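First comes the structure, then the notes that go with it.
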Protein chains: 2
Amino acid sequence: MKRYDLVPISSRVFTYAQSRCNRFVTELIDFIRFPSVSAQPQHAGNLRACAAWLAEHLRQIGMEHSQVIRTEGHPLVYADWLHAVGRPTQLFYGHYDVQPPDPLEEWRSPPFEPTISGDDLYGRGASDDKGQMFAHVKAMESYLQTEGALPLNVKCIFEGEEEIGSASLIPFLSQYRRRLAADVAVMSDMPMLAPDRPALTYAMRGALSLELEVRGQKVDLHSGIFGGAVHNPIQALSEILASLHNRNGRVTIPDFYDRVRVISDEERDYLARTGPSDEEILRNARAAQGWGEPGFTLYERTTIRPALTINGMTGGYQGQGVKAVIPVRALAKINFRLVADQEPEEIDRLFRRHIKQVTPDTVRATVRTSFKARPARINHRHPAMRAAAAAYEKGFGARPVLLRSGGTIPVVSVFEEMLSVPTVLMGFALPDDRMHAPNEKFHLPNFHNAVATSIRFMKEVAGGLTNDHRLPLPRGEG
Amino acid sequence: MKRYDLVPISSRVFTYAQSRCNRFVTELIDFIRFPSVSAQPQHAGNLRACAAWLAEHLRQIGMEHSQVIRTEGHPLVYADWLHAVGRPTQLFYGHYDVQPPDPLEEWRSPPFEPTISGDDLYGRGASDDKGQMFAHVKAMESYLQTEGALPLNVKCIFEGEEEIGSASLIPFLSQYRRRLAADVAVMSDMPMLAPDRPALTYAMRGALSLELEVRGQKVDLHSGIFGGAVHNPIQALSEILASLHNRNGRVTIPDFYDRVRVISDEERDYLARTGPSDEEILRNARAAQGWGEPGFTLYERTTIRPALTINGMTGGYQGQGVKAVIPVRALAKINFRLVADQEPEEIDRLFRRHIKQVTPDTVRATVRTSFKARPARINHRHPAMRAAAAAYEKGFGARPVLLRSGGTIPVVSVFEEMLSVPTVLMGFALPDDRMHAPNEKFHLPNFHNAVATSIRFMKEVAGGLTNDHRLPLPRGEG
């Protein structure tokens with residue numbers, strides 16, 4: 001790629017951002033207030049309202065062609081600014097949908113009434129992903145409201161279905177791949193290591209979510225009158241779930257590990273040197289003890305190794321007191337995290353085959369697939385990574401480490417495969433931000449530093465992405 | 001016991017009952033309409049209203065001293081009629097509380113809007129126990145409104161906590177044992193075999209209900225970021241639950257079977273000859289296949305053998321779609337059915353000891369006891385059983401068989417131990433009445449026949465309970 005003249009950032013841009021920091025937080029609070037829970041159909045109207053608010057906001061800060069794009073699911077929001085003739089184009093991705101807030105009773109403040117306590121802003125979506133994506137929006141505003149222009153061309157695509165598998169985004173990307181062409185994509189939907197330890201994510205796990213339902217007899221039965229004579233579906237489901245791991249915490253599904261890539265010692269050394277220690281991970285998890293596959297650190301178990309977790313289970317009576325019933329059904333929500341070169345389709349097949357084999361003929365098991373995403377790996381030699389490192393240094397006063405993430409952003413592999421755009425995964429959340437959990441928060445100093453980082457990143461990319469932007473990186477799988 | 005002169009029943013009594021059958025059903029519908037769900041605190045007011053309705057109804061039909069008795073839990077209803085000088089005293093027991101109606105979405109008509117379809121009346125409590133106990137109330141009415149008197153002395157005690165362990169009734173019985181003295185108690189809260197196969201229950205299982213909660217890390221975690229590094233509480237609970245039975249369906253808790261009494265071959269022959277076959281039980285359960293302890297029929301597995309069933313399990317996300325979470329806790333509701341000579345206290349101890357042994361140190365398990373009742377056995381040689389057989393013959397046109405029941409009525413063993421009153425367990429429900437399940441019903445022809453049976457039973461008992469009232473019975477345990 002051609003190297004452009006360095007584009008200076010006037011200090012006005014940073015000063016604008018610094019002096020507007022309170023208003024930015026007030027606007028972020030308005031954004032979080034929408035209960036844009038994509039998994040729950042009753043919230044569809046809230047997602048539409050949130051998308052409309054976001055599109056209007058982008059228009060107000062000076063972005064162009066800002067619009068809500070209807071899909072078969074929740075809408076997309078698109079905006080652009082394309083007047084930096086001859087300069088690179090940057091694609092911003094984020095998502096305005098959020099996880100369900102359940103269990104509600106464990107929130108100390110209501111999930112959709114954002115509340116500031118100390119340096120933190122509490123609310124569902126505060127860090128995942130409204131706060132992180134909004135930092136980029138405020139960076140754009142800071143340029144547009146001071147310079148009247150961005151230093152490079154920008155396209156924004158914000159979706160409302162990240163938490164449920166990006167089903168509408170993927171065909172949209174495919175249809176408009178030409179119009180979405182860019183030199184680099186950036187997304188911020190992941191943690192750093194600590195407020196002074198920024199991190200660039202270079203690999204994410206894939207995901208496969210399934211529902212496993214076990215049904216027994218056709219009607220609920222009195223557990224006194226029939227207890228001991230039929231195979232209770234809750235018991236049968238427990239027995240099946242218990243069979244999915246061995247005592248050491250390894251997944252027992254035959255052939256499950258067959259395609260798991262062996263990571264080089266060099267990369268494992270890098271992970272050990274730069275990544276979180278077991279103690280840090282346990283502290284962030286607020287867990288007394290680790291668990292899992294022998295021979296790997298906790299950081300490795302959550303990044304270079306696949307995992308199977310049960311996200312939910314339900315069956316029978318769950319109210320107060322006692323109900324003596326043998327229910328007709330029990331259901332578990334199962335979530336795989338996959339690593340290269342595991343393919344969600346193949347794991348889906350292996351899981352179904354295994355369930356068929358272990359289900360006794362006293363009950364019937366049904367598997368439904370809800371979500372699939374391939375593992376993703378960013379080309380860490382891409383010069384955009386060095387631009388991101390320089391930007392972090394400006395925003396957070398520290399060079400980033402390169403991280404693997406255990407999480408999944410379905411669109412990362414899609415950007416790479418469909419648009420041939422390298423993606424910079426620039427995390428602004430903290431490991432204890434409780435993404436997906438009650439009392440999710442966003443650390444406000446990180447929000448403000450993120451705005452500065454994004455301002456700087458646009459300027460770095462505007463200067464062109466050349467090979468001297470390369471960062472020394474672990475040699476890895478690729 | 002002294003033999004009294006036979007007390008004739010004027011045909012007016014039966015005629016009254018027959019000609020009022022429609023009104024009786026209308027009143028039963030009013031009774032079922034109260035959502036008297038004892039397990040759920042929000043229904044406390046409905047239990048009070050239901051008790052008040054019942055006490056007023058007893059007063060209106062001519063019973064005396066009818067009153068609602070406040071307790072620490074849900075109220076008791078008491079009434080009596082004590083003018084049959086020199087004649088025996090019969091104690092009627094029933095319960096006006098009902099099971100929770102969950103899962104609501106599986107009801108074809110609302111559980112507390114009783115609905116007639118064909119010969120059946122649908123509603124929560126239709127058979128368990130409002131319909132069955134109300135048949136006795138209507139039998140009392142039929143005497144009082146035609147003869148102006150009952151053929152014997154009657155005391156009624158109807159409770160509102162049968163479904164949650166009869167905690168208030170037991171101290172009440174102890175306090176008023178003298179005033180509740182009777183020659184025989186009768187309760188109808190169990191099934192017959194079929195509309196033309198009445199049954200007297202002579203043994204019931206005991207019960208022990210517990211909650212088992214497993215907790216892991218202190219906050220909900222993102223299952224992408226942390227999956228593979230901590231022991232998921234749902235998984236750990238599944239593993240513990242799966243360890244409670246072996247492959248054959250036997251309970252694996254050490255010493256669990258130690259005190260289970262061996263039943264004589266003679267009694268097992270009687271059970272095989274008179275009780276429901278495996279096919280009948282599976283048909284009533286609407287189950288394709290049986291399950292459980294080898295070496296016993298399904299009838300035996302549910303009556304002379306103990307059972308452990310899981311009534312409910314809950315953990316993590318249960319809404320629509322996907323939520324990638326590792327929850328802090330998972331909970332199971334566990335229900336034992338016990339047989340002589342198992343003691344609930346001892347099984348509680350064995351269970352807790354076992355849970356302590358099988359819980360891995362990656363999670364913490366807590367056990368809470370919710371409900372205890374001892375197994376009960378009726379003296380089947382008591383002449384009241386023969387009186388009941390004669391009454392069934394009048395009401396249903398067939399002699400009853402003697403049944404063991406897998407269910408539990410805590411008060412049965414208490415009546416025997418505390419009041420030294422033999423209890424006649426006269427079932428009017430059908431095996432497919434879905435007691436405790438959605439679409440519970442009561443077969444209306446059984447309701448009407450039950451009124452006639454109760455009319456006749458009072459007359460038989462009024463004539464005195466002598467040894468020639470003995471029924472040929474299986475020799476059993478005692």
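Naming scheme: A, B, ... for chains in displayed order of the structure tokens; residues 1 onward per chain; ligands 1 onward as shown.
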Exercise for review: Pull the strand (DSSP E) assignments for region 206-416 of chain A out of DSSP run on the backbone, and list those residues as a PyMOL selection string.
Suggested key: chain A and resi 206-215+221-222+307-316+325-326+329-338+364-373+376-377+401-405
Go ahead and dump the residues you just picked, N, CA and C atoms, as a compact mmCIF listing (two decimals), in the first residue's frame.
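Generated file (out-v4.txt):
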# COMPACT_ATOMS: atom_id res chain seq x y z
N GLY A 206 -14.14 -19.89 17.61
CA GLY A 206 -15.44 -20.00 16.97
C GLY A 206 -16.48 -20.45 17.98
N ALA A 207 -17.70 -20.54 17.53
CA ALA A 207 -18.76 -20.93 18.46
C ALA A 207 -19.79 -21.82 17.78
N LEU A 208 -20.42 -22.63 18.59
CA LEU A 208 -21.53 -23.45 18.13
C LEU A 208 -22.48 -23.57 19.31
N SER A 209 -23.69 -23.05 19.12
CA SER A 209 -24.68 -23.13 20.20
C SER A 209 -25.81 -24.05 19.80
N LEU A 210 -26.20 -24.89 20.75
CA LEU A 210 -27.22 -25.90 20.47
C LEU A 210 -28.18 -26.00 21.64
N GLU A 211 -29.37 -26.45 21.33
CA GLU A 211 -30.29 -26.84 22.39
C GLU A 211 -30.43 -28.35 22.36
N LEU A 212 -30.37 -28.94 23.53
CA LEU A 212 -30.55 -30.39 23.66
C LEU A 212 -31.79 -30.61 24.52
N GLU A 213 -32.78 -31.19 23.91
CA GLU A 213 -34.03 -31.43 24.64
C GLU A 213 -34.23 -32.92 24.83
N VAL A 214 -34.59 -33.32 26.04
CA VAL A 214 -34.90 -34.72 26.31
C VAL A 214 -36.36 -34.82 26.72
N ARG A 215 -37.08 -35.70 26.06
CA ARG A 215 -38.49 -35.94 26.39
C ARG A 215 -38.69 -37.39 26.79
N LEU A 221 -46.09 -36.36 35.27
CA LEU A 221 -46.60 -37.40 36.17
C LEU A 221 -46.35 -37.02 37.62
N HIS A 222 -47.20 -37.55 38.48
CA HIS A 222 -47.03 -37.44 39.93
C HIS A 222 -45.83 -38.29 40.33
N ALA A 307 -13.77 -25.60 24.08
CA ALA A 307 -14.49 -25.84 25.34
C ALA A 307 -15.95 -26.13 25.05
N LEU A 308 -16.57 -26.83 25.96
CA LEU A 308 -18.01 -27.09 25.90
C LEU A 308 -18.59 -26.62 27.23
N THR A 309 -19.49 -25.65 27.18
CA THR A 309 -20.13 -25.22 28.42
C THR A 309 -21.64 -25.30 28.28
N ILE A 310 -22.31 -25.45 29.42
CA ILE A 310 -23.77 -25.48 29.44
C ILE A 310 -24.21 -24.10 29.91
N ASN A 311 -24.90 -23.39 29.03
CA ASN A 311 -25.31 -22.02 29.36
C ASN A 311 -26.61 -21.97 30.16
N GLY A 312 -27.39 -23.04 30.08
CA GLY A 312 -28.66 -23.04 30.79
C GLY A 312 -29.25 -24.42 30.81
N MET A 313 -30.03 -24.67 31.84
CA MET A 313 -30.74 -25.93 31.90
C MET A 313 -32.06 -25.70 32.60
N THR A 314 -33.08 -26.36 32.12
CA THR A 314 -34.40 -26.16 32.71
C THR A 314 -35.21 -27.43 32.58
N GLY A 315 -35.99 -27.70 33.61
CA GLY A 315 -36.87 -28.86 33.57
C GLY A 315 -37.70 -28.92 34.83
N GLY A 316 -38.99 -29.23 34.69
CA GLY A 316 -39.83 -29.45 35.85
C GLY A 316 -40.15 -28.19 36.62
N VAL A 325 -43.43 -33.76 40.81
CA VAL A 325 -43.75 -34.00 39.42
C VAL A 325 -42.58 -34.65 38.68
N ILE A 326 -42.89 -35.51 37.75
CA ILE A 326 -41.91 -35.98 36.77
C ILE A 326 -42.29 -35.28 35.47
N ARG A 329 -40.33 -33.07 29.93
CA ARG A 329 -39.15 -32.69 29.18
C ARG A 329 -38.15 -31.95 30.04
N ALA A 330 -36.91 -31.94 29.57
CA ALA A 330 -35.87 -31.11 30.17
C ALA A 330 -35.00 -30.62 29.02
N LEU A 331 -34.43 -29.44 29.19
CA LEU A 331 -33.71 -28.82 28.10
C LEU A 331 -32.41 -28.19 28.59
N ALA A 332 -31.36 -28.37 27.79
CA ALA A 332 -30.08 -27.71 28.10
C ALA A 332 -29.65 -26.87 26.92
N LYS A 333 -29.04 -25.72 27.21
CA LYS A 333 -28.46 -24.88 26.17
C LYS A 333 -26.96 -25.08 26.23
N ILE A 334 -26.42 -25.54 25.13
CA ILE A 334 -25.02 -25.97 25.10
C ILE A 334 -24.23 -25.06 24.17
N ASN A 335 -23.04 -24.71 24.59
CA ASN A 335 -22.22 -23.76 23.85
C ASN A 335 -20.81 -24.30 23.70
N PHE A 336 -20.42 -24.54 22.47
CA PHE A 336 -19.03 -24.91 22.18
C PHE A 336 -18.24 -23.66 21.82
N ARG A 337 -16.98 -23.64 22.21
CA ARG A 337 -16.04 -22.67 21.66
C ARG A 337 -14.99 -23.48 20.92
N LEU A 338 -14.77 -23.12 19.69
CA LEU A 338 -13.96 -23.94 18.79
C LEU A 338 -12.69 -23.21 18.40
N ARG A 364 -36.29 -39.70 24.51
CA ARG A 364 -35.92 -39.23 23.18
C ARG A 364 -35.17 -37.91 23.30
N ALA A 365 -34.10 -37.77 22.55
CA ALA A 365 -33.32 -36.53 22.59
C ALA A 365 -33.42 -35.84 21.24
N THR A 366 -33.55 -34.51 21.28
CA THR A 366 -33.59 -33.70 20.07
C THR A 366 -32.52 -32.62 20.18
N VAL A 367 -31.80 -32.39 19.09
CA VAL A 367 -30.77 -31.35 19.08
C VAL A 367 -31.19 -30.28 18.07
N ARG A 368 -31.14 -29.02 18.51
CA ARG A 368 -31.42 -27.91 17.59
C ARG A 368 -30.20 -26.98 17.59
N THR A 369 -29.77 -26.59 16.40
CA THR A 369 -28.61 -25.70 16.30
C THR A 369 -29.09 -24.26 16.28
N SER A 370 -28.49 -23.40 17.12
CA SER A 370 -28.95 -22.01 17.14
C SER A 370 -27.93 -21.03 16.58
N PHE A 371 -26.67 -21.39 16.49
CA PHE A 371 -25.64 -20.37 16.27
C PHE A 371 -24.36 -21.08 15.86
N LYS A 372 -23.73 -20.54 14.83
CA LYS A 372 -22.46 -21.11 14.36
C LYS A 372 -21.52 -20.00 13.97
N ALA A 373 -20.26 -20.09 14.35
CA ALA A 373 -19.26 -19.12 13.86
C ALA A 373 -17.91 -19.80 13.84
N ALA A 376 -11.51 -17.43 14.27
CA ALA A 376 -10.93 -16.40 13.41
C ALA A 376 -9.50 -16.11 13.84
N ARG A 377 -8.68 -15.80 12.85
CA ARG A 377 -7.31 -15.43 13.15
C ARG A 377 -6.96 -14.23 12.28
N VAL A 401 -0.14 -5.62 24.20
CA VAL A 401 0.30 -6.98 23.92
C VAL A 401 -0.66 -7.58 22.91
N LEU A 402 -0.20 -8.67 22.35
CA LEU A 402 -1.07 -9.40 21.41
C LEU A 402 -1.76 -10.50 22.19
N LEU A 403 -3.05 -10.54 22.05
CA LEU A 403 -3.85 -11.47 22.85
C LEU A 403 -4.59 -12.44 21.96
N ARG A 404 -4.78 -13.62 22.49
CA ARG A 404 -5.81 -14.50 21.96
C ARG A 404 -7.05 -14.30 22.82
N SER A 405 -8.20 -14.39 22.22
CA SER A 405 -9.44 -14.27 22.99
C SER A 405 -10.21 -15.57 22.93
**Study point:** CA of Val25 (chain B) to CA of Pro431 (chain B), distance in Å rounded to a single decimal
**Key:** 20.9 Å
Check your understanding: If you count only C-alpha atoms, which residues fall within 12 Å of Val85 (chain A), apart from same-chain ones fewer than 4 positions away, as a count of residues only?
Key -> 10
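The coordinates place CA of Thr362 (chain B) at 5.9 Å from CA of Gln289 (chain A).
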Point to revise | Near-region 50-53 of chain B list (7 Å; only C-alpha atoms; drop same-chain fewer than 5 positions) as JSON, numbers by chain | key: {"B": [34, 36, 68, 75, 77]}
